[in-house]
$ cat input.tsv   # TSV, C-alpha atoms
chain	number	residue	atom	x	y	z
A	18	THR	CA	-56.22	-18.46	20.73
A	19	THR	CA	-59.84	-19.63	20.38
A	20	ILE	CA	-61.57	-20.47	17.10
A	21	SER	CA	-65.37	-20.96	17.08
A	22	PHE	CA	-67.15	-23.32	14.69
A	23	PRO	CA	-70.97	-22.77	14.57
A	24	GLY	CA	-72.85	-25.89	15.58
A	25	VAL	CA	-69.62	-27.66	16.51
A	26	GLY	CA	-67.97	-25.76	19.34
A	27	THR	CA	-64.59	-24.09	19.90
A	28	LEU	CA	-60.94	-25.00	19.38
A	29	THR	CA	-58.47	-23.54	21.85
A	30	GLY	CA	-54.73	-23.30	21.05
A	31	LYS	CA	-53.64	-22.06	24.46
A	32	LYS	CA	-52.43	-25.43	25.63
A	33	GLN	CA	-50.19	-25.80	22.58
A	34	GLU	CA	-48.76	-22.31	23.05
A	35	ASP	CA	-48.07	-23.03	26.72
A	36	GLU	CA	-46.46	-26.31	25.73
A	37	GLN	CA	-44.09	-24.60	23.30
A	38	SER	CA	-43.24	-21.68	25.58
A	39	LYS	CA	-41.82	-23.91	28.28
A	40	TYR	CA	-39.04	-25.07	25.91
A	41	LYS	CA	-36.16	-22.60	25.69
A	42	THR	CA	-32.86	-22.81	23.81
A	43	GLU	CA	-29.67	-20.77	23.68
A	44	LEU	CA	-27.16	-20.53	20.82
A	45	SER	CA	-23.52	-19.47	20.77
A	46	LYS	CA	-20.81	-19.36	18.13
A	47	THR	CA	-17.04	-19.12	18.56
A	48	ARG	CA	-14.10	-18.87	16.16
A	49	LYS	CA	-11.69	-21.38	17.71
A	50	THR	CA	-8.65	-20.61	15.56
A	51	GLY	CA	-7.43	-17.77	13.38
A	52	LEU	CA	-6.21	-18.16	9.83
A	53	THR	CA	-3.98	-21.24	9.73
A	54	VAL	CA	-1.86	-22.21	6.75
A	55	ASP	CA	-2.19	-25.88	5.83
A	56	GLY	CA	-0.21	-26.58	2.68
A	57	ASP	CA	-1.92	-24.84	-0.23
A	58	ASN	CA	-4.98	-24.02	1.89
A	59	VAL	CA	-5.90	-21.74	4.76
A	60	THR	CA	-8.27	-23.02	7.44
A	61	VAL	CA	-10.43	-21.52	10.19
A	62	SER	CA	-12.11	-23.59	12.93
A	63	TYR	CA	-15.50	-22.83	14.46
A	64	GLU	CA	-17.70	-24.12	17.26
A	65	VAL	CA	-21.49	-23.79	17.57
A	66	VAL	CA	-23.27	-24.68	20.82
A	67	LEU	CA	-27.04	-25.22	21.00
A	68	SER	CA	-28.15	-25.67	24.62
A	69	SER	CA	-31.31	-25.85	26.71
A	70	GLU	CA	-31.91	-25.58	30.44
A	71	THR	CA	-35.50	-26.77	30.07
A	72	GLY	CA	-34.99	-29.36	27.36
A	73	THR	CA	-36.76	-29.17	23.98
A	74	ASP	CA	-40.01	-30.60	22.67
A	75	PRO	CA	-39.47	-34.39	22.50
A	76	LYS	CA	-41.86	-34.59	19.53
A	77	ASN	CA	-39.67	-32.33	17.33
A	78	SER	CA	-36.10	-32.72	16.09
A	79	LEU	CA	-33.63	-29.83	15.98
A	80	THR	CA	-31.80	-28.17	13.06
A	81	ILE	CA	-28.65	-26.04	12.99
A	82	THR	CA	-27.94	-24.00	9.85
A	83	ASP	CA	-24.60	-22.31	9.29
A	84	HIS	CA	-23.88	-19.54	6.73
A	85	LEU	CA	-20.72	-18.09	5.20
A	86	ASP	CA	-20.28	-14.68	3.60
A	87	SER	CA	-16.86	-13.68	2.27
A	88	ASN	CA	-14.96	-12.02	-0.57
A	89	LEU	CA	-12.55	-14.98	-0.56
A	90	THR	CA	-12.91	-17.13	-3.66
A	91	GLY	CA	-13.12	-20.90	-3.26
A	92	ILE	CA	-14.25	-20.80	0.36
A	93	THR	CA	-16.00	-23.99	1.46
A	94	TYR	CA	-16.92	-26.21	4.40
A	95	ASP	CA	-14.68	-29.21	5.08
A	96	THR	CA	-17.44	-31.78	5.58
A	97	PHE	CA	-14.94	-34.38	6.85
A	98	SER	CA	-14.15	-32.09	9.80
A	99	VAL	CA	-17.77	-31.83	11.01
A	100	THR	CA	-18.44	-33.34	14.42
A	101	VAL	CA	-21.50	-33.15	16.70
A	102	THR	CA	-21.50	-34.25	20.33
A	103	LYS	CA	-24.32	-34.28	22.85
A	104	GLN	CA	-23.28	-33.32	26.37
A	105	LYS	CA	-24.53	-32.25	29.74
A	106	SER	CA	-24.32	-28.49	30.25
A	107	ASP	CA	-21.13	-28.97	32.28
A	108	GLY	CA	-19.51	-30.92	29.43
A	109	SER	CA	-19.90	-34.35	31.00
A	110	ASP	CA	-21.56	-37.42	29.47
A	111	SER	CA	-20.35	-36.51	25.99
A	112	SER	CA	-21.46	-38.77	23.16
A	113	SER	CA	-20.96	-38.46	19.41
A	114	ILE	CA	-23.95	-37.97	17.15
A	115	SER	CA	-23.79	-39.30	13.61
A	116	VAL	CA	-24.75	-36.53	11.16
A	117	ARG	CA	-24.72	-35.99	7.43
A	118	PRO	CA	-24.08	-32.28	6.67
A	119	GLN	CA	-26.10	-30.85	3.79
A	120	ILE	CA	-24.07	-28.28	1.80
A	121	GLY	CA	-25.94	-25.70	-0.23
A	122	GLN	CA	-25.91	-22.00	-1.12
A	123	ASN	CA	-27.64	-18.87	0.07
A	124	ASN	CA	-27.19	-15.76	-2.11
A	125	ASN	CA	-24.31	-17.50	-3.89
A	126	GLN	CA	-22.54	-18.08	-0.58
A	127	PRO	CA	-21.97	-21.50	1.07
A	128	MET	CA	-24.31	-22.77	3.78
A	129	MET	CA	-24.38	-25.99	5.80
A	130	THR	CA	-27.41	-27.62	7.43
A	131	ILE	CA	-27.37	-30.22	10.21
A	132	GLU	CA	-30.86	-31.76	10.43
A	133	ASN	CA	-32.75	-34.34	12.50
A	134	LEU	CA	-30.92	-33.80	15.77
A	135	PRO	CA	-32.87	-35.55	18.57
A	136	ALA	CA	-34.51	-33.33	21.18
A	137	LEU	CA	-32.38	-32.08	24.04
A	138	GLY	CA	-33.08	-33.07	27.61
A	139	LYS	CA	-32.92	-30.71	30.54
A	140	ASP	CA	-29.46	-29.04	30.89
A	141	GLU	CA	-28.13	-30.64	27.72
A	142	LYS	CA	-26.38	-29.19	24.70
A	143	TYR	CA	-25.13	-30.00	21.21
A	144	VAL	CA	-21.59	-28.97	20.31
A	145	LEU	CA	-20.95	-28.63	16.58
A	146	THR	CA	-17.37	-28.17	15.37
A	147	TYR	CA	-16.16	-27.77	11.81
A	148	VAL	CA	-13.42	-26.26	9.62
A	149	VAL	CA	-13.75	-23.75	6.78
A	150	THR	CA	-11.17	-24.07	4.00
A	151	VAL	CA	-9.90	-21.37	1.59
A	152	PRO	CA	-7.26	-21.71	-1.15
A	153	LYS	CA	-4.13	-19.82	-0.13
A	154	THR	CA	-4.09	-18.05	-3.49
A	155	SER	CA	-7.32	-16.28	-2.53
A	156	PHE	CA	-5.30	-14.04	-0.21
A	157	ALA	CA	-3.16	-12.61	-3.03
A	158	GLY	CA	-3.16	-8.86	-3.52
A	159	ASN	CA	-3.59	-5.97	-1.13
A	160	ASP	CA	-7.36	-5.69	-0.81
A	161	GLY	CA	-8.61	-6.59	2.66
A	162	LYS	CA	-10.29	-9.97	2.99
A	163	TYR	CA	-13.25	-10.67	5.24
A	164	LEU	CA	-15.07	-13.75	6.48
A	165	SER	CA	-18.52	-13.47	8.03
A	166	ASN	CA	-20.02	-16.58	9.56
A	167	TRP	CA	-23.28	-17.07	11.46
A	168	ALA	CA	-25.45	-19.92	12.70
A	169	THR	CA	-29.16	-20.23	13.49
A	170	ASP	CA	-31.44	-22.80	15.11
A	171	GLY	CA	-34.64	-21.19	13.83
A	172	HIS	CA	-35.05	-19.12	17.00
A	173	HIS	CA	-31.65	-17.50	17.54
A	174	SER	CA	-28.81	-16.29	15.31
A	175	LYS	CA	-25.18	-15.87	16.39
A	176	GLY	CA	-22.30	-14.74	14.20
A	177	ASP	CA	-18.62	-13.99	13.89
A	178	TYR	CA	-16.82	-11.48	11.67
A	179	TYR	CA	-13.14	-11.62	10.75
A	180	GLU	CA	-11.23	-9.14	8.60
A	181	THR	CA	-7.59	-9.36	7.57
A	182	VAL	CA	-5.21	-6.42	7.60
A	183	LYS	CA	-3.84	-5.16	4.31
A	184	LYS	CA	-0.39	-6.42	3.41
A	185	LEU	CA	0.95	-2.95	2.67
A	186	THR	CA	0.00	0.45	4.10
A	187	LYS	CA	1.69	3.85	4.11
A	188	SER	CA	1.36	6.66	6.62
A	189	SER	CA	3.07	9.97	7.35
A	190	TYR	CA	3.35	12.65	10.01
A	191	LEU	CA	4.39	16.30	9.62
A	192	ASP	CA	6.09	17.96	12.58
A	193	ASN	CA	5.14	21.61	12.22
A	194	ASN	CA	7.81	22.68	14.67
A	195	THR	CA	10.72	21.21	12.71
A	196	GLY	CA	9.25	20.88	9.22
A	197	GLU	CA	10.22	17.19	9.19
A	198	ILE	CA	8.02	14.52	7.64
A	199	THR	CA	8.15	11.00	9.09
A	200	TRP	CA	7.14	8.33	6.54
A	201	THR	CA	6.14	4.84	7.66
A	202	ILE	CA	5.65	1.76	5.48
A	203	THR	CA	3.87	-1.13	7.20
A	204	VAL	CA	4.28	-4.66	5.85
A	205	ASN	CA	1.79	-7.22	7.17
A	206	ASN	CA	1.39	-10.91	6.56
A	207	PRO	CA	-2.22	-11.72	7.48
A	208	LEU	CA	-1.51	-15.45	7.32
A	209	GLY	CA	1.13	-15.14	10.02
A	210	GLU	CA	3.90	-16.63	7.90
A	211	ASN	CA	7.57	-15.74	7.71
A	212	VAL	CA	8.07	-12.71	5.46
A	213	LYS	CA	11.48	-13.91	4.31
A	214	GLY	CA	11.84	-13.05	0.64
A	215	TYR	CA	9.29	-10.22	0.69
A	216	LYS	CA	10.61	-7.22	-1.24
A	217	VAL	CA	9.64	-3.67	-0.25
A	218	TRP	CA	10.58	-0.30	-1.74
A	219	ASP	CA	9.73	3.40	-1.67
A	220	VAL	CA	9.49	5.82	-4.60
A	221	LEU	CA	10.34	9.34	-3.43
A	222	PRO	CA	8.69	12.24	-5.28
A	223	GLU	CA	10.85	15.01	-6.72
A	224	GLU	CA	9.79	17.45	-3.98
A	225	VAL	CA	11.62	15.48	-1.28
A	226	LYS	CA	13.94	13.22	-3.27
A	227	ASP	CA	17.03	15.10	-2.05
A	228	LYS	CA	15.66	15.81	1.43
A	229	VAL	CA	15.98	12.36	3.02
A	230	PHE	CA	18.12	12.42	6.14
A	231	GLY	CA	19.09	9.99	8.88
A	232	ASN	CA	18.74	6.23	8.98
A	233	VAL	CA	16.03	3.95	7.69
A	234	THR	CA	14.70	2.06	10.72
A	235	ILE	CA	12.93	-1.31	10.46
A	236	THR	CA	11.00	-2.59	13.48
A	237	TYR	CA	8.65	-5.49	14.17
A	238	LYS	CA	5.92	-6.24	16.69
A	239	ASP	CA	6.71	-8.87	19.30
A	240	SER	CA	4.25	-11.24	20.97
A	241	ASN	CA	3.26	-8.46	23.41
A	242	ASN	CA	2.53	-6.09	20.52
A	243	ASN	CA	5.56	-3.94	21.33
A	244	GLN	CA	7.79	-2.51	18.59
A	245	GLN	CA	11.28	-4.04	18.56
A	246	LYS	CA	14.30	-3.11	16.47
A	247	TYR	CA	14.96	-5.32	13.44
A	248	LYS	CA	17.43	-3.39	11.24
A	249	ILE	CA	19.05	0.04	11.14
A	250	LEU	CA	20.02	0.96	7.58
A	251	GLU	CA	22.55	3.80	7.45
A	252	PRO	CA	22.75	6.23	4.51
A	253	GLY	CA	24.89	4.78	1.73
A	254	SER	CA	24.55	1.16	2.87
A	255	ASP	CA	23.25	-1.50	0.51
A	256	GLY	CA	20.01	-1.95	2.40
A	257	TYR	CA	19.43	1.81	2.53
A	258	ASN	CA	19.93	2.17	-1.21
A	259	GLN	CA	17.68	-0.83	-1.86
A	260	VAL	CA	14.77	0.75	0.02
A	261	PHE	CA	14.86	3.71	-2.37
A	262	GLY	CA	15.88	1.59	-5.36
A	263	ASP	CA	15.01	-1.89	-6.61
A	264	GLY	CA	13.70	-3.01	-3.22
A	265	TYR	CA	14.85	-4.27	0.17
A	266	THR	CA	14.44	-8.03	0.65
A	267	PHE	CA	13.70	-9.45	4.10
A	268	GLY	CA	16.23	-12.05	5.18
A	269	ASP	CA	16.35	-15.29	7.18
A	270	LYS	CA	15.22	-13.95	10.56
A	271	ALA	CA	12.02	-12.27	9.34
A	272	GLU	CA	9.77	-14.59	11.34
A	273	HIS	CA	7.38	-11.85	12.50
A	274	SER	CA	4.18	-11.07	10.65
A	275	SER	CA	4.28	-7.24	10.84
A	276	TYR	CA	7.12	-4.82	10.09
A	277	GLU	CA	7.44	-1.03	9.94
A	278	ILE	CA	9.98	0.78	7.75
A	279	THR	CA	10.43	4.39	8.89
A	280	PHE	CA	12.49	7.27	7.48
A	281	LYS	CA	12.41	11.08	7.50
A	282	THR	CA	12.55	13.87	4.94
A	283	LYS	CA	12.62	17.62	5.23
A	284	SER	CA	9.56	19.42	3.97
A	285	PRO	CA	9.74	20.71	0.39
A	286	ASP	CA	10.46	24.39	-0.24
A	287	LEU	CA	7.16	26.21	-0.48
A	288	GLY	CA	8.49	29.23	-2.39
A	289	ASP	CA	5.58	31.63	-2.75
A	290	LEU	CA	3.00	28.85	-2.25
A	291	ASP	CA	1.06	28.45	0.97
A	292	GLU	CA	0.55	24.69	0.51
A	293	ILE	CA	2.09	21.69	-1.28
A	294	LYS	CA	0.80	18.11	-1.44
A	295	VAL	CA	3.58	15.53	-1.40
A	296	LYS	CA	2.58	12.13	-2.78
A	297	ASN	CA	4.78	9.21	-1.78
A	298	THR	CA	4.48	5.65	-3.15
A	299	ALA	CA	5.51	2.36	-1.52
A	300	GLY	CA	5.61	-1.06	-3.17
A	301	LEU	CA	5.62	-4.68	-2.02
A	302	GLN	CA	6.11	-8.03	-3.69
A	303	PRO	CA	5.22	-10.97	-1.42
A	304	ASN	CA	6.52	-14.42	-2.25
A	305	GLY	CA	4.87	-15.86	-5.34
A	306	GLU	CA	2.67	-12.80	-5.94
A	307	LYS	CA	2.60	-9.89	-8.34
A	308	PRO	CA	3.90	-6.59	-6.91
A	309	PHE	CA	1.48	-3.88	-5.83
A	310	THR	CA	1.77	-0.32	-4.54
A	311	VAL	CA	0.04	2.11	-2.17
A	312	GLU	CA	0.20	5.90	-2.04
A	313	ARG	CA	0.27	8.41	0.78
A	314	GLU	CA	-0.32	12.13	0.27
A	315	GLN	CA	1.04	14.51	2.89
A	316	THR	CA	-0.10	18.13	2.88
A	317	VAL	CA	2.57	20.66	3.82
A	318	THR	CA	1.31	24.15	4.67
A	319	ARG	CA	3.22	27.29	5.47
A	320	LYS	CA	3.56	27.52	9.19
A	321	ALA	CA	1.78	30.43	10.82
A	322	TRP	CA	4.18	32.81	12.55
A	323	SER	CA	4.78	31.47	16.02
A	324	LEU	CA	5.06	34.26	18.59
A	325	SER	CA	5.24	34.07	22.36
A	326	LYS	CA	6.09	36.50	25.14
A	327	GLN	CA	6.63	35.98	28.84
A	328	ARG	CA	7.93	37.85	31.85
A	329	THR	CA	11.21	36.28	32.88
A	330	ALA	CA	12.36	38.36	35.87
A	331	VAL	CA	11.42	41.19	38.24
A	332	ASP	CA	14.10	43.21	40.04
A	333	GLU	CA	12.29	45.18	42.73
A	334	ASP	CA	15.48	46.90	43.90
A	335	LYS	CA	16.12	48.35	40.43
A	336	GLY	CA	12.45	48.63	39.53
A	337	THR	CA	12.89	46.64	36.34
A	338	VAL	CA	10.99	43.86	34.64
A	339	SER	CA	12.56	41.54	32.05
A	340	TRP	CA	10.59	40.06	29.16
A	341	SER	CA	11.36	37.34	26.64
A	342	VAL	CA	9.88	37.39	23.13
A	343	ASN	CA	10.20	34.33	20.90
A	344	ALA	CA	9.30	34.41	17.18
A	345	GLU	CA	9.66	31.32	14.98
A	346	ASN	CA	9.37	30.62	11.27
A	347	ALA	CA	10.48	27.03	10.71
A	348	MET	CA	9.38	26.85	7.07
A	349	GLY	CA	9.48	29.40	4.30
A	350	SER	CA	11.90	32.21	3.59
A	351	LYS	CA	9.80	35.35	4.04
A	352	SER	CA	11.18	37.96	6.46
A	353	ILE	CA	9.27	38.95	9.57
A	354	THR	CA	8.95	42.22	11.47
A	355	LEU	CA	8.76	42.10	15.23
A	356	GLN	CA	6.87	44.92	16.98
A	357	ASP	CA	6.38	45.22	20.72
A	358	THR	CA	3.66	47.56	21.99
A	359	ILE	CA	3.32	48.84	25.58
A	360	LEU	CA	-0.33	48.77	26.54
A	361	ASP	CA	-1.96	51.34	28.86
A	362	ALA	CA	1.24	53.37	29.07
A	363	VAL	CA	1.15	56.53	31.23
A	364	ARG	CA	3.41	59.55	30.82
A	365	LEU	CA	4.07	60.77	34.31
A	366	GLY	CA	5.47	64.16	33.34
A	367	ASP	CA	7.12	64.68	36.71
A	368	TYR	CA	10.05	62.21	36.78
A	369	SER	CA	10.69	62.89	40.48
A	370	LYS	CA	7.49	61.07	41.35
A	371	THR	CA	7.33	57.37	41.90
A	372	PRO	CA	5.82	55.57	38.85
A	373	ILE	CA	2.27	54.39	39.38
A	374	GLN	CA	2.15	50.68	40.10
A	375	GLY	CA	1.01	48.57	37.16
A	376	THR	CA	1.98	51.12	34.46
A	377	HIS	CA	4.76	51.31	31.92
A	378	TYR	CA	6.84	54.22	30.75
A	379	ALA	CA	5.20	55.55	27.60
A	380	ASP	CA	8.28	56.45	25.56
A	381	ARG	CA	12.05	56.11	25.45
A	382	GLU	CA	12.71	59.68	26.65
A	383	GLU	CA	10.64	59.14	29.75
A	384	LEU	CA	12.29	55.79	30.48
A	385	ASN	CA	15.81	57.20	30.00
A	386	ASN	CA	15.09	60.11	32.32
A	387	ALA	CA	13.80	57.70	34.95
A	388	LEU	CA	16.88	55.54	34.62
A	389	LYS	CA	19.11	58.60	34.87
A	390	ASP	CA	17.34	59.84	38.00
A	391	GLN	CA	17.78	56.41	39.59
A	392	ASN	CA	21.51	56.39	38.71
A	393	THR	CA	21.24	53.02	37.07
A	394	GLY	CA	23.82	53.69	34.38
A	395	LEU	CA	21.42	52.16	31.88
A	396	TYR	CA	19.75	53.71	28.87
A	397	VAL	CA	17.57	52.67	25.96

$ encode --input "input.tsv" --output "structure tokens"
Amino acid sequence: TTISFPGVGTLTGKKQEDEQSKYKTELSKTRKTGLTVDGDNVTVSYEVVLSSETGTDPKNSLTITDHLDSNLTGITYDTFSVTVTKQKSDGSDSSSISVRPQIGQNNNQPMMTIENLPALGKDEKYVLTYVVTVPKTSFAGNDGKYLSNWATDGHHSKGDYYETVKKLTKSSYLDNNTGEITWTITVNNPLGENVKGYKVWDVLPEEVKDKVFGNVTITYKDSNNNQQKYKILEPGSDGYNQVFGDGYTFGDKAEHSSYEITFKTKSPDLGDLDEIKVKNTAGLQPNGEKPFTVEREQTVTRKAWSLSKQRTAVDEDKGTVSWSVNAENAMGSKSITLQDTILDAVRLGDYSKTPIQGTHYADREELNNALKDQNTGLYV
């Protein structure tokens, strides 16, 4: 850039631009731990790395600004946890840097600023670590919680997004072949605690209240994310009745953070309707919280008539072909009429002749005459 001043001369900014362009930085951000319960609080640890292969301008200090955005109330930076170290790019020659974090707000969300960091030399980096703290009570209820966190050095911005699973969800699956509905209640503990004492229940609608069959199965996810058996509740047992009553309470060995409660019902009678929506409600009361519920609506439609036909055998000696016709109506009580039509049938007229290959007999009289001529002893 050149600026001319009449009678004075010109001012060129190229040297300054070239000076700045030779300094390059990189920024990274990592969530070091997940949600960790610490007494009445929940903590999350982060690491921010500001590095430079070329080094930075020795005349200017560096600034790292960190931002939080979350629907968790009471979220804040733990300023006592903040550490900054200056290291070689390979992690050697680490030395602590004394800093005084400045805590403020941006759009009513917390932010932290680390100022006046000395310039970086070639292949050096700053490593900033800190902990974010949230009151444990902020995780009450069944609405999903999120925590967005990003850092900037004025040139780059790097972020992290974390969202918790809901504590209670409900799903269902309709098997159109059998008319059976599989209902699944999922109980999650996003803080990874023991769910001992959690109470869960299901409120069956009138349409399927008397159509429950089989066991109630409770499974959990192991460390490899595989479903493992936790409890099998047989019909009439206390646990079984509790699921559909006042609530089933998890016992001493409920150390896993996710459980599935599964049971089956028959589909409701459709009568003259073509469709029914079955709404099923599940409830959960975690320790020390108010109970809450979720709903699942399963649509049950009248199954279209299922019809299939296939050739099952060919007897060349007898000149016969066998067919199998299968018609199904798993749901509903309407009667069905089965009609089989012979396509491209040809009446030969002269039964002494050999039937034309690829044709069928056109009527019963013709077929019976052919069978009689062949001395099969069969008739239709």

$ atom_distance --input "input.tsv" --atom1 "CA of Val225 (chain A)" --atom2 "CA of Lys248 (chain A)"
23.4 Å

$ atom_distance --input "input.tsv" --atom1 "CA of Val59 (chain A)" --atom2 "CA of Ala271 (chain A)"
20.8 Å

$ atom_distance --input "input.tsv" --atom1 "CA of Tyr94 (chain A)" --atom2 "CA of Gln122 (chain A)"
11.4 Å

$ residues_near_point --input "input.tsv" --point "(13.6, -13.8, 4.7)" --cutoff "12 Å" --atoms "all atoms listed in the file" --output "list in words"
Glu210, Asn211, Val212, Lys213, Gly214, Tyr215, Lys216, Val217, Tyr265, Thr266, Phe267, Gly268, Asp269, Lys270, Ala271, Glu272, His273, Ser274, Pro303 and Asn304 of chain A

$ closest_residue --input "input.tsv" --among "A:Asn206, A:Thr337, A:Gln126, A:Ser254" --to "Leu185 (chain A)" --atoms "all atoms listed in the file"
A:Asn206

$ closest_residue --input "input.tsv" --among "A:Asn243, A:Gln259, A:Thr150, A:Thr282" --to "Asn58 (chain A)" --atoms "all atoms listed in the file"
A:Thr150

$ residues_around --input "input.tsv" --residues "Met129 (chain A)" --least-positions-apart "4" --cutoff "9 Å" --atoms "only C-alpha atoms" --output "VMD selection string"
chain A and resid 81 to 85 94 118 to 122

$ closest_residue --input "input.tsv" --among "A:Thr96, A:Thr316, A:Gln104, A:Thr203" --to "Ser68 (chain A)" --atoms "only C-alpha atoms"
A:Gln104

$ residues_near_point --input "input.tsv" --point "(6.9, 1.1, 11.1)" --cutoff "9 Å" --atoms "all atoms listed in the file" --output "list in words"
Trp200, Thr201, Ile202, Thr203, Val204, Thr234, Ile235, Thr236, Tyr237, Gln244, Ser275, Tyr276, Glu277, Ile278 and Thr279 of chain A

$ closest_residue --input "input.tsv" --among "A:Ser112, A:Asn125, A:Thr42, A:Thr318" --to "Thr73 (chain A)" --atoms "only C-alpha atoms"
A:Thr42
